[in-house]
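Let me begin by presenting the structure, written as structure tokens, before commenting on it.
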Amino acid sequence: MATATNRAPQKELFGHPVGLYILFFTEMWERFSYYGMRAILVLYLVSATTDGNAGLGWTQGEALALYGWYTMLVYVASIPGGIIADKLLGQKKTVLWGGIILVAGHGILAVEEMWAFYTGLGLIIIGVGMLKPNISTMVGGLYKPGDIRRDKGFTIFYIGINLGAFLSSLIVGGVGEFIGWHWGFGLAGIAMAFGLIVYLWGQKYLVNVGNLLSKVERSEGASLSGLFGDLFNSPIQLVVSAILMIGSIYVLIAESIPYGFLCIFLTLVIAMMLMVYKDLTTQVMKDRYVVMLLSFILVIVFWGAFEQAGGLMNIYALDKTNRSLPFAIPFIGDEVPASWFQSLNALFIISFGVLVANFWARRKLKNKEASSIFKMAIGVIIMGLGFVFMAAASVQFEANGSSAMYWLVLAYLFHTIGELSSSPVALSFITKLAPVKYASLMMGVYFAATGLGNKLAGVLGEFAADAGDLAIFSGITIFTIAFSIIVLIMLKPLKRLTHGVEDEEREMLETEQYEIADTERDSK
């Protein structure tokens with residue numbers, strides 16, 4: 001960015017900008033609504049139509065297929081959400097409109113009609129796409145370049161996400177399973193309304209972040225029309241894109257219409273990313289961009305495994321886990337609701353989030369290996385080891401006809417420690433590496449990668465019906481560990497490509513004045 005402006009000091013609370021806590025509570029209620037609905041979605045789909053709390057009676061394969069497409073689209077919608085923020089509304093207003101659409105979507109899901117079900121899902125996809133990437137980018141904007149508190153801030157923000165997820169799995173899950181699925185969907189809409197109220201009230205603490213760039217600055221920013229227009233003047237990029245598009249059209253015509261459109265979309269994203277790389281003006285920026293692309297692959301692998309939680313592991317808890325208790329829970333009975341296992345991940349994040357963040361921060365201050373790439377790879381390994389317990393549960397089920405609850409608890413514990421080392425770090429890493437010209441767009445691509453991981457999770461869950469749970473869980477363990485080891489072997493050259501973007505991080509006080517500048521400043 002050509003210009004730079006001085007930013008007034010921000011009011012702080014507990015060592016962080018007050019705006020962090022506004023975004024914390026906004027996202028907490030948004031995630032309450034999203035994860036509450038997610039906790040009961042697959043259970044609603046597979047519940048028999050003749051039950052007292054009737055569902056749709058779908059097969060496991062059908063339910064996991066929809067789950068994969070829905071969760072993928074929720075995150076892929078972040079790309080247009082980022083563009084709307086960059087070019088039309090600014091991040092702050094885009095988050096606001098996303099919240100309004102989410103309230104409408106969850107509210108419509110409360111209506112017991114199929115048109116309402118699909119309409120509600122569609123509105124949620126649009127709303128999350130507008131809100132999710134932009135509120136995360138705003139968190140990064142609260143901190144100065146090189147401020148070591150940034151990772152801690154993202155971890156605190158991440159705890160807000162999971163506080164909402166924890167409460168929603170218990171409350172929405174309980175209401176959905178014992179009172180009615182659509183009552184649970186409606187409750188999620190009320191929670192999102194609370195989030196909107198918090199966000200509107202806290203605008204005075206978000207004055208310096210999320211604003212629409214000036215007309216001149218927007219003209220300097222990302223231009224999709226310019227990128228794709230220049231594609232025809234770029235022979236290598238054009239040939240690669242053309243080959244991929246031909247293959248995508250073949251899939252569309254000869255194989256599958258949904259997957260054909262997905263391949264076309266991915267081709268357009270790849271073409272865009274190729275042109276972004278060409279548009280970067282220095283080798284430092286290009287090298288960092290390459291590392292960022294690798295981080296996207298790590299994200300896809302991580303969520304492809306992790307998101308078995310809402311799909312295959314959710315159904316496993318319902319059908320194959322002995323959930324009986326030796327005592328009765330008031331209003332619930334002596335059997336743990338299947339949806340309540342979804343709260344374990346959030347509970348463990350709340351319990352261990354700050355500890356894990358401090359562990360990595362101390363390692364870095366002691367000059368031990370604690371780069372973002374290293375943390376992400378270690379996180380994938382730890383998460384993959386969690387599926388060892390699910391494989392053991394599958395063996396126990398085959399022998400006894402049911403498996404113990406502690407296998408799920410241990411799996412979620414390892415998944416959580418892995419997530420804490422990977423996911424919030426990836427969010428922060430993108431804000432460090434992405435050129436500001438493409439900041440929101442790259443955050444949108446990050447969430448699109450998360451969406452592809454979700455779709456991969458749905459596909460793997462579908463395969464479980466034929467391959468068996470043991471094969472799927474064991475295969476996930478082997479692949480995630482092997483892939484992460486390859487990344488760790490490449491760690492030194494990858495760190496060189498970041499050109500020290502994380503080497504000078506330190507505690508920075510808000511009283512230090514600084515100029516707002518883009519991440520390209522280090523390359524000039």
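Following the order of the structure tokens, chains are lettered A, B, ..., residues in each are numbered from 1, and ligands are numbered from 1.
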
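Counting only C-alpha atoms, Leu325 of chain A has the following residues at most 9 Å away, ignoring those fewer than 3 positions along the same chain: Asn322, Ala328, Ile329, Gly333, Asp334, Glu335 and Val336 of chain A.
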
Selection above as a file: N, CA, C and O atoms, as a PDB file, in the first residue's frame:
```pdb
ATOM      1  N   ASN A 322     -21.542 -47.374  23.647  1.00  0.00           N
ATOM      2  CA  ASN A 322     -22.351 -47.609  24.847  1.00  0.00           C
ATOM      3  C   ASN A 322     -22.353 -46.332  25.681  1.00  0.00           C
ATOM      4  O   ASN A 322     -21.369 -46.001  26.345  1.00  0.00           O
ATOM      5  N   ALA A 328     -28.644 -41.246  36.746  1.00  0.00           N
ATOM      6  CA  ALA A 328     -29.500 -40.490  35.829  1.00  0.00           C
ATOM      7  C   ALA A 328     -29.168 -38.999  35.889  1.00  0.00           C
ATOM      8  O   ALA A 328     -28.920 -38.453  36.970  1.00  0.00           O
ATOM      9  N   ILE A 329     -29.158 -38.365  34.716  1.00  0.00           N
ATOM     10  CA  ILE A 329     -28.976 -36.919  34.623  1.00  0.00           C
ATOM     11  C   ILE A 329     -30.364 -36.278  34.587  1.00  0.00           C
ATOM     12  O   ILE A 329     -31.219 -36.715  33.817  1.00  0.00           O
ATOM     13  N   GLY A 333     -31.842 -38.414  31.631  1.00  0.00           N
ATOM     14  CA  GLY A 333     -31.925 -39.851  31.848  1.00  0.00           C
ATOM     15  C   GLY A 333     -30.549 -40.451  32.076  1.00  0.00           C
ATOM     16  O   GLY A 333     -29.585 -39.746  32.419  1.00  0.00           O
ATOM     17  N   ASP A 334     -30.426 -41.749  31.885  1.00  0.00           N
ATOM     18  CA  ASP A 334     -29.169 -42.448  32.184  1.00  0.00           C
ATOM     19  C   ASP A 334     -28.357 -42.761  30.931  1.00  0.00           C
ATOM     20  O   ASP A 334     -27.512 -43.646  30.941  1.00  0.00           O
ATOM     21  N   GLU A 335     -28.631 -42.058  29.844  1.00  0.00           N
ATOM     22  CA  GLU A 335     -27.857 -42.237  28.616  1.00  0.00           C
ATOM     23  C   GLU A 335     -27.384 -40.881  28.114  1.00  0.00           C
ATOM     24  O   GLU A 335     -28.181 -39.952  27.965  1.00  0.00           O
ATOM     25  N   VAL A 336     -26.085 -40.761  27.846  1.00  0.00           N
ATOM     26  CA  VAL A 336     -25.515 -39.504  27.373  1.00  0.00           C
ATOM     27  C   VAL A 336     -26.005 -39.229  25.946  1.00  0.00           C
ATOM     28  O   VAL A 336     -25.884 -40.100  25.075  1.00  0.00           O
TER      29      VAL A 336
END
```

For Ser78 of chain A: contacts at 12 Å, only C-alpha atoms, fewer than 4 positions along chain excluded, given as an MDAnalysis selection string: chainID A and resid 71:74 82:85 91 94:95 98 124:137 440:451

Selection to disk with N, CA, C and O atoms, as a compact mmCIF listing (two decimals), in the first residue's frame:
```
# COMPACT_ATOMS: atom_id res chain seq x y z
N THR A 71 -20.90 -28.28 4.70
CA THR A 71 -19.79 -27.69 5.44
C THR A 71 -18.72 -27.14 4.50
O THR A 71 -18.05 -26.15 4.82
N MET A 72 -18.55 -27.77 3.33
CA MET A 72 -17.62 -27.22 2.36
C MET A 72 -18.08 -25.86 1.86
O MET A 72 -17.32 -24.89 1.84
N LEU A 73 -19.35 -25.78 1.46
CA LEU A 73 -19.87 -24.53 0.91
C LEU A 73 -19.89 -23.41 1.93
O LEU A 73 -19.70 -22.24 1.58
N VAL A 74 -20.08 -23.76 3.21
CA VAL A 74 -20.04 -22.75 4.26
C VAL A 74 -18.71 -22.00 4.22
O VAL A 74 -18.66 -20.77 4.36
N GLY A 82 -14.90 -12.37 1.17
CA GLY A 82 -13.71 -11.52 1.22
C GLY A 82 -13.73 -10.45 0.14
O GLY A 82 -13.32 -9.31 0.38
N ILE A 83 -14.22 -10.81 -1.04
CA ILE A 83 -14.28 -9.84 -2.14
C ILE A 83 -15.27 -8.72 -1.81
O ILE A 83 -15.01 -7.53 -2.05
N ILE A 84 -16.43 -9.09 -1.26
CA ILE A 84 -17.43 -8.08 -0.88
C ILE A 84 -16.83 -7.10 0.13
O ILE A 84 -17.04 -5.88 0.05
N ALA A 85 -16.06 -7.63 1.09
CA ALA A 85 -15.45 -6.77 2.09
C ALA A 85 -14.41 -5.85 1.47
O ALA A 85 -14.34 -4.65 1.79
N GLN A 91 -14.75 -4.77 5.86
CA GLN A 91 -14.91 -5.96 6.70
C GLN A 91 -15.98 -5.77 7.77
O GLN A 91 -16.77 -6.67 8.05
N THR A 94 -19.51 -5.94 6.30
CA THR A 94 -19.76 -7.28 5.76
C THR A 94 -20.07 -8.26 6.88
O THR A 94 -20.96 -9.12 6.76
N VAL A 95 -19.35 -8.14 8.00
CA VAL A 95 -19.64 -8.96 9.17
C VAL A 95 -21.06 -8.71 9.67
O VAL A 95 -21.80 -9.64 10.02
N GLY A 98 -23.54 -10.29 7.29
CA GLY A 98 -23.46 -11.73 7.44
C GLY A 98 -24.22 -12.21 8.67
O GLY A 98 -24.92 -13.22 8.62
N ILE A 124 -27.47 -19.80 5.65
CA ILE A 124 -26.34 -19.97 6.57
C ILE A 124 -25.03 -19.99 5.80
O ILE A 124 -24.03 -19.40 6.24
N ILE A 125 -25.01 -20.66 4.66
CA ILE A 125 -23.81 -20.68 3.83
C ILE A 125 -23.40 -19.25 3.45
O ILE A 125 -22.23 -18.86 3.58
N ILE A 126 -24.36 -18.44 3.01
CA ILE A 126 -24.07 -17.06 2.62
C ILE A 126 -23.61 -16.24 3.82
O ILE A 126 -22.63 -15.49 3.76
N GLY A 127 -24.32 -16.38 4.94
CA GLY A 127 -24.01 -15.59 6.12
C GLY A 127 -22.63 -15.89 6.69
O GLY A 127 -21.86 -14.97 7.01
N VAL A 128 -22.29 -17.17 6.81
CA VAL A 128 -20.97 -17.53 7.32
C VAL A 128 -19.88 -17.07 6.35
O VAL A 128 -18.82 -16.59 6.78
N GLY A 129 -20.14 -17.17 5.05
CA GLY A 129 -19.17 -16.71 4.07
C GLY A 129 -18.85 -15.24 4.18
O GLY A 129 -17.72 -14.80 3.94
N MET A 130 -19.83 -14.44 4.58
CA MET A 130 -19.60 -13.01 4.75
C MET A 130 -18.96 -12.69 6.09
O MET A 130 -18.13 -11.78 6.20
N LEU A 131 -19.32 -13.43 7.13
CA LEU A 131 -18.85 -13.10 8.48
C LEU A 131 -17.50 -13.70 8.80
O LEU A 131 -16.60 -13.02 9.31
N LYS A 132 -17.32 -14.98 8.52
CA LYS A 132 -16.18 -15.72 9.07
C LYS A 132 -14.82 -15.19 8.65
O LYS A 132 -13.97 -14.94 9.52
N PRO A 133 -14.52 -15.00 7.36
CA PRO A 133 -13.15 -14.57 7.01
C PRO A 133 -12.86 -13.15 7.46
O PRO A 133 -11.73 -12.83 7.81
N ASN A 134 -13.88 -12.31 7.48
CA ASN A 134 -13.65 -10.90 7.76
C ASN A 134 -13.49 -10.61 9.24
O ASN A 134 -12.69 -9.75 9.62
N ILE A 135 -14.20 -11.33 10.09
CA ILE A 135 -14.02 -11.10 11.52
C ILE A 135 -12.65 -11.60 11.96
O ILE A 135 -12.01 -11.01 12.83
N SER A 136 -12.15 -12.65 11.32
CA SER A 136 -10.81 -13.14 11.64
C SER A 136 -9.75 -12.15 11.17
O SER A 136 -8.75 -11.92 11.87
N THR A 137 -9.93 -11.57 10.00
CA THR A 137 -8.99 -10.56 9.51
C THR A 137 -8.98 -9.35 10.43
O THR A 137 -7.94 -8.74 10.67
N SER A 440 -7.80 -9.94 2.52
CA SER A 440 -9.11 -10.57 2.75
C SER A 440 -9.33 -11.72 1.78
O SER A 440 -9.91 -12.75 2.15
N LEU A 441 -8.86 -11.57 0.56
CA LEU A 441 -9.02 -12.64 -0.43
C LEU A 441 -8.26 -13.89 0.00
O LEU A 441 -8.77 -15.00 -0.09
N MET A 442 -7.04 -13.71 0.53
CA MET A 442 -6.26 -14.86 0.99
C MET A 442 -6.89 -15.50 2.23
O MET A 442 -6.85 -16.72 2.39
N MET A 443 -7.48 -14.69 3.09
CA MET A 443 -8.19 -15.26 4.23
C MET A 443 -9.40 -16.05 3.73
O MET A 443 -9.74 -17.11 4.28
N GLY A 444 -10.05 -15.56 2.68
CA GLY A 444 -11.14 -16.31 2.07
C GLY A 444 -10.66 -17.62 1.50
O GLY A 444 -11.33 -18.66 1.64
N VAL A 445 -9.49 -17.62 0.85
CA VAL A 445 -8.94 -18.86 0.31
C VAL A 445 -8.60 -19.82 1.45
O VAL A 445 -8.77 -21.04 1.32
N TYR A 446 -8.13 -19.28 2.58
CA TYR A 446 -7.85 -20.13 3.74
C TYR A 446 -9.11 -20.87 4.18
O TYR A 446 -9.10 -22.08 4.42
N PHE A 447 -10.22 -20.15 4.28
CA PHE A 447 -11.46 -20.81 4.70
C PHE A 447 -12.01 -21.72 3.60
O PHE A 447 -12.69 -22.70 3.89
N ALA A 448 -11.71 -21.39 2.33
CA ALA A 448 -12.08 -22.31 1.26
C ALA A 448 -11.31 -23.62 1.39
O ALA A 448 -11.86 -24.71 1.17
N ALA A 449 -10.03 -23.53 1.78
CA ALA A 449 -9.24 -24.73 2.02
C ALA A 449 -9.84 -25.53 3.17
O ALA A 449 -9.90 -26.77 3.13
N THR A 450 -10.28 -24.82 4.20
CA THR A 450 -10.98 -25.49 5.30
C THR A 450 -12.23 -26.20 4.78
O THR A 450 -12.54 -27.32 5.18
N GLY A 451 -12.94 -25.54 3.86
CA GLY A 451 -14.13 -26.15 3.28
C GLY A 451 -13.81 -27.40 2.49
O GLY A 451 -14.54 -28.40 2.57
```

Residues within 7 Å of Ala404 of chain A, only C-alpha atoms, excluding chain neighbours under 2 positions, as a ChimeraX atom specification: /A:321-322,402,406-407

Length of the atom CA of Glu27 of chain A to atom CA of Gly160 of chain A vector [Å]: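 So the answer is 6.6 Å.
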
Give me the residues near Gly247 of chain A as a PyMOL selection string, where near means some atom within 12 Å (using only C-alpha atoms) and where sequence neighbours in that chain fewer than 5 positions away do not count. chain A and resi 240-242+252-255+259-264+266-267

Selection above as a file: C-alpha atoms, as a PDB file, in the first residue's frame:
```
ATOM      1  CA  VAL A 240      -2.350 -24.852 -16.949  1.00  0.00           C
ATOM      2  CA  SER A 241      -5.800 -23.330 -16.418  1.00  0.00           C
ATOM      3  CA  ALA A 242      -7.049 -24.563 -19.804  1.00  0.00           C
ATOM      4  CA  LEU A 252     -19.254 -32.295 -15.360  1.00  0.00           C
ATOM      5  CA  ILE A 253     -20.528 -34.010 -18.501  1.00  0.00           C
ATOM      6  CA  ALA A 254     -19.425 -37.617 -18.043  1.00  0.00           C
ATOM      7  CA  GLU A 255     -19.160 -38.203 -14.300  1.00  0.00           C
ATOM      8  CA  TYR A 259     -18.330 -32.631  -8.687  1.00  0.00           C
ATOM      9  CA  GLY A 260     -18.000 -31.121 -12.139  1.00  0.00           C
ATOM     10  CA  PHE A 261     -18.997 -27.695 -10.820  1.00  0.00           C
ATOM     11  CA  LEU A 262     -16.648 -28.192  -7.879  1.00  0.00           C
ATOM     12  CA  CYS A 263     -13.775 -28.919 -10.269  1.00  0.00           C
ATOM     13  CA  ILE A 264     -14.631 -25.838 -12.348  1.00  0.00           C
ATOM     14  CA  LEU A 266     -11.276 -25.145  -8.107  1.00  0.00           C
ATOM     15  CA  THR A 267      -9.865 -24.471 -11.572  1.00  0.00           C
TER      16      THR A 267
END
```

Looking only at the backbone, which of the residues in segment 47-194 of chain A does DSSP tag as helix (DSSP H, G or I), as JSON, numbers by chain? {"A": [60, 61, 62, 63, 64, 65, 66, 67, 68, 69, 70, 71, 72, 73, 74, 75, 76, 78, 79, 80, 81, 82, 83, 84, 85, 86, 87, 88, 89, 90, 91, 92, 93, 94, 95, 96, 97, 98, 99, 100, 101, 102, 103, 104, 105, 106, 107, 108, 109, 114, 115, 116, 117, 118, 119, 120, 121, 122, 123, 124, 125, 126, 127, 128, 129, 130, 131, 132, 133, 134, 135, 136, 137, 138, 139, 140, 141, 149, 150, 151, 152, 153, 154, 155, 156, 157, 158, 159, 160, 161, 162, 163, 164, 165, 166, 167, 168, 169, 170, 171, 172, 173, 174, 175, 176, 177, 178, 181, 182, 183, 184, 185, 186, 187, 188, 189, 190, 191, 192, 193, 194]}

Which residues, written as an MDAnalysis selection string, have at least one atom at most 8 Å from segment 384-392 of chain A, with only C-alpha atoms counted and residues fewer than 3 positions away on the same chain left out? chainID A and resid 305 380:381 395:396 407:408 410:415 469:471 473:474 476:478 480:481

How would the residues just chosen look if you wrote them out with N, CA, C and O atoms as a PDB file, in the first residue's frame?
```pdb
ATOM      1  N   ALA A 305      -9.348 -34.738   8.159  1.00  0.00           N
ATOM      2  CA  ALA A 305      -9.365 -35.732   9.232  1.00  0.00           C
ATOM      3  C   ALA A 305     -10.198 -35.263  10.412  1.00  0.00           C
ATOM      4  O   ALA A 305     -11.067 -35.986  10.912  1.00  0.00           O
ATOM      5  N   VAL A 380      -0.894 -31.599  13.226  1.00  0.00           N
ATOM      6  CA  VAL A 380      -1.509 -32.628  12.384  1.00  0.00           C
ATOM      7  C   VAL A 380      -1.125 -34.019  12.889  1.00  0.00           C
ATOM      8  O   VAL A 380      -1.955 -34.941  12.907  1.00  0.00           O
ATOM      9  N   ILE A 381       0.122 -34.187  13.316  1.00  0.00           N
ATOM     10  CA  ILE A 381       0.555 -35.483  13.836  1.00  0.00           C
ATOM     11  C   ILE A 381      -0.234 -35.853  15.099  1.00  0.00           C
ATOM     12  O   ILE A 381      -0.742 -36.977  15.226  1.00  0.00           O
ATOM     13  N   VAL A 395     -12.248 -51.858  16.947  1.00  0.00           N
ATOM     14  CA  VAL A 395     -11.905 -53.241  17.287  1.00  0.00           C
ATOM     15  C   VAL A 395     -12.788 -53.740  18.423  1.00  0.00           C
ATOM     16  O   VAL A 395     -13.302 -54.869  18.392  1.00  0.00           O
ATOM     17  N   GLN A 396     -12.989 -52.892  19.430  1.00  0.00           N
ATOM     18  CA  GLN A 396     -13.837 -53.272  20.560  1.00  0.00           C
ATOM     19  C   GLN A 396     -15.278 -53.480  20.117  1.00  0.00           C
ATOM     20  O   GLN A 396     -15.955 -54.419  20.577  1.00  0.00           O
ATOM     21  N   TRP A 407     -13.034 -44.068  24.608  1.00  0.00           N
ATOM     22  CA  TRP A 407     -12.306 -43.984  23.350  1.00  0.00           C
ATOM     23  C   TRP A 407     -12.601 -42.653  22.649  1.00  0.00           C
ATOM     24  O   TRP A 407     -11.690 -42.000  22.121  1.00  0.00           O
ATOM     25  N   LEU A 408     -13.866 -42.262  22.637  1.00  0.00           N
ATOM     26  CA  LEU A 408     -14.225 -40.975  22.044  1.00  0.00           C
ATOM     27  C   LEU A 408     -13.597 -39.820  22.813  1.00  0.00           C
ATOM     28  O   LEU A 408     -13.112 -38.842  22.224  1.00  0.00           O
ATOM     29  N   LEU A 410     -10.797 -39.784  24.594  1.00  0.00           N
ATOM     30  CA  LEU A 410      -9.367 -39.721  24.290  1.00  0.00           C
ATOM     31  C   LEU A 410      -9.106 -39.202  22.875  1.00  0.00           C
ATOM     32  O   LEU A 410      -8.172 -38.425  22.641  1.00  0.00           O
ATOM     33  N   ALA A 411      -9.928 -39.643  21.928  1.00  0.00           N
ATOM     34  CA  ALA A 411      -9.767 -39.165  20.552  1.00  0.00           C
ATOM     35  C   ALA A 411      -9.959 -37.654  20.483  1.00  0.00           C
ATOM     36  O   ALA A 411      -9.153 -36.932  19.871  1.00  0.00           O
ATOM     37  N   TYR A 412     -11.021 -37.147  21.107  1.00  0.00           N
ATOM     38  CA  TYR A 412     -11.273 -35.707  21.088  1.00  0.00           C
ATOM     39  C   TYR A 412     -10.176 -34.934  21.807  1.00  0.00           C
ATOM     40  O   TYR A 412      -9.839 -33.802  21.428  1.00  0.00           O
ATOM     41  N   LEU A 413      -9.584 -35.526  22.872  1.00  0.00           N
ATOM     42  CA  LEU A 413      -8.490 -34.857  23.577  1.00  0.00           C
ATOM     43  C   LEU A 413      -7.295 -34.660  22.650  1.00  0.00           C
ATOM     44  O   LEU A 413      -6.738 -33.552  22.561  1.00  0.00           O
ATOM     45  N   PHE A 414      -6.884 -35.714  21.943  1.00  0.00           N
ATOM     46  CA  PHE A 414      -5.747 -35.597  21.026  1.00  0.00           C
ATOM     47  C   PHE A 414      -6.085 -34.677  19.848  1.00  0.00           C
ATOM     48  O   PHE A 414      -5.223 -33.899  19.406  1.00  0.00           O
ATOM     49  N   HIS A 415      -7.296 -34.775  19.363  1.00  0.00           N
ATOM     50  CA  HIS A 415      -7.702 -33.873  18.278  1.00  0.00           C
ATOM     51  C   HIS A 415      -7.605 -32.418  18.718  1.00  0.00           C
ATOM     52  O   HIS A 415      -7.201 -31.542  17.945  1.00  0.00           O
ATOM     53  N   ASP A 469     -15.184 -48.840   9.511  1.00  0.00           N
ATOM     54  CA  ASP A 469     -14.647 -47.785  10.357  1.00  0.00           C
ATOM     55  C   ASP A 469     -13.164 -47.994  10.657  1.00  0.00           C
ATOM     56  O   ASP A 469     -12.373 -47.038  10.654  1.00  0.00           O
ATOM     57  N   LEU A 470     -12.762 -49.225  10.929  1.00  0.00           N
ATOM     58  CA  LEU A 470     -11.374 -49.500  11.287  1.00  0.00           C
ATOM     59  C   LEU A 470     -10.426 -49.095  10.168  1.00  0.00           C
ATOM     60  O   LEU A 470      -9.381 -48.478  10.419  1.00  0.00           O
ATOM     61  N   ALA A 471     -10.768 -49.411   8.932  1.00  0.00           N
ATOM     62  CA  ALA A 471      -9.911 -49.058   7.800  1.00  0.00           C
ATOM     63  C   ALA A 471      -9.799 -47.547   7.644  1.00  0.00           C
ATOM     64  O   ALA A 471      -8.706 -47.013   7.377  1.00  0.00           O
ATOM     65  N   PHE A 473     -10.330 -45.111  10.008  1.00  0.00           N
ATOM     66  CA  PHE A 473      -9.615 -44.500  11.126  1.00  0.00           C
ATOM     67  C   PHE A 473      -8.117 -44.806  11.065  1.00  0.00           C
ATOM     68  O   PHE A 473      -7.284 -43.926  11.304  1.00  0.00           O
ATOM     69  N   SER A 474      -7.755 -46.043  10.735  1.00  0.00           N
ATOM     70  CA  SER A 474      -6.342 -46.412  10.629  1.00  0.00           C
ATOM     71  C   SER A 474      -5.676 -45.683   9.466  1.00  0.00           C
ATOM     72  O   SER A 474      -4.538 -45.205   9.580  1.00  0.00           O
ATOM     73  N   ILE A 476      -6.490 -42.782   8.160  1.00  0.00           N
ATOM     74  CA  ILE A 476      -6.299 -41.369   8.496  1.00  0.00           C
ATOM     75  C   ILE A 476      -5.049 -41.191   9.350  1.00  0.00           C
ATOM     76  O   ILE A 476      -4.245 -40.277   9.137  1.00  0.00           O
ATOM     77  N   THR A 477      -4.865 -42.065  10.327  1.00  0.00           N
ATOM     78  CA  THR A 477      -3.682 -41.987  11.190  1.00  0.00           C
ATOM     79  C   THR A 477      -2.398 -42.087  10.382  1.00  0.00           C
ATOM     80  O   THR A 477      -1.489 -41.257  10.513  1.00  0.00           O
ATOM     81  N   ILE A 478      -2.309 -43.094   9.523  1.00  0.00           N
ATOM     82  CA  ILE A 478      -1.088 -43.328   8.750  1.00  0.00           C
ATOM     83  C   ILE A 478      -0.801 -42.154   7.823  1.00  0.00           C
ATOM     84  O   ILE A 478       0.332 -41.653   7.739  1.00  0.00           O
ATOM     85  N   THR A 480      -1.900 -38.896   7.853  1.00  0.00           N
ATOM     86  CA  THR A 480      -1.610 -37.609   8.492  1.00  0.00           C
ATOM     87  C   THR A 480      -0.198 -37.581   9.067  1.00  0.00           C
ATOM     88  O   THR A 480       0.514 -36.572   8.946  1.00  0.00           O
ATOM     89  N   ILE A 481       0.223 -38.691   9.684  1.00  0.00           N
ATOM     90  CA  ILE A 481       1.563 -38.730  10.256  1.00  0.00           C
ATOM     91  C   ILE A 481       2.621 -38.720   9.161  1.00  0.00           C
ATOM     92  O   ILE A 481       3.611 -37.972   9.238  1.00  0.00           O
TER      93      ILE A 481
END
```

For segment 85-154 of chain A versus segment 60-69 of chain A, which residues have an atom no more than 12 Å away, and what is each residue's nearest atom pair and distance in Å rounded to one decimal, using only C-alpha atoms, chain-then-number order, as a Markdown table?
```
| residue | atom | partner | partner_atom | distance |
| --- | --- | --- | --- | --- |
| A:Tyr118 | CA | A:Leu66 | CA | 10.8 |
| A:Leu121 | CA | A:Leu66 | CA | 10.6 |
| A:Gly122 | CA | A:Trp69 | CA | 11.3 |
| A:Ile125 | CA | A:Trp69 | CA | 10.6 |
```

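Between Phe194 of chain A and the candidates A:Trp29, A:Phe178, A:Phe352, A:Tyr438, the tightest atom-to-atom separation, counting only C-alpha atoms, involves A:Trp29.
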
From the list A:Ile489, A:Ile270, A:Ala439, A:Leu224, which residue is nearest Met245 of chain A when using only C-alpha atoms?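 Closest to Met245 of chain A, using only C-alpha atoms: A:Ile270.
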
Which of these residues is nearest to Phe185 of chain A, using only C-alpha atoms: A:Leu280, A:Ile40, A:Val501, A:Ala434? A:Ile40

Can you measure atom CA of Leu312 of chain A to atom CA of Gly189 of chain A for me? One decimal in Å is fine.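 Atom CA of Gly189 of chain A lies at a distance of 25.5 Å from atom CA of Leu312 of chain A.
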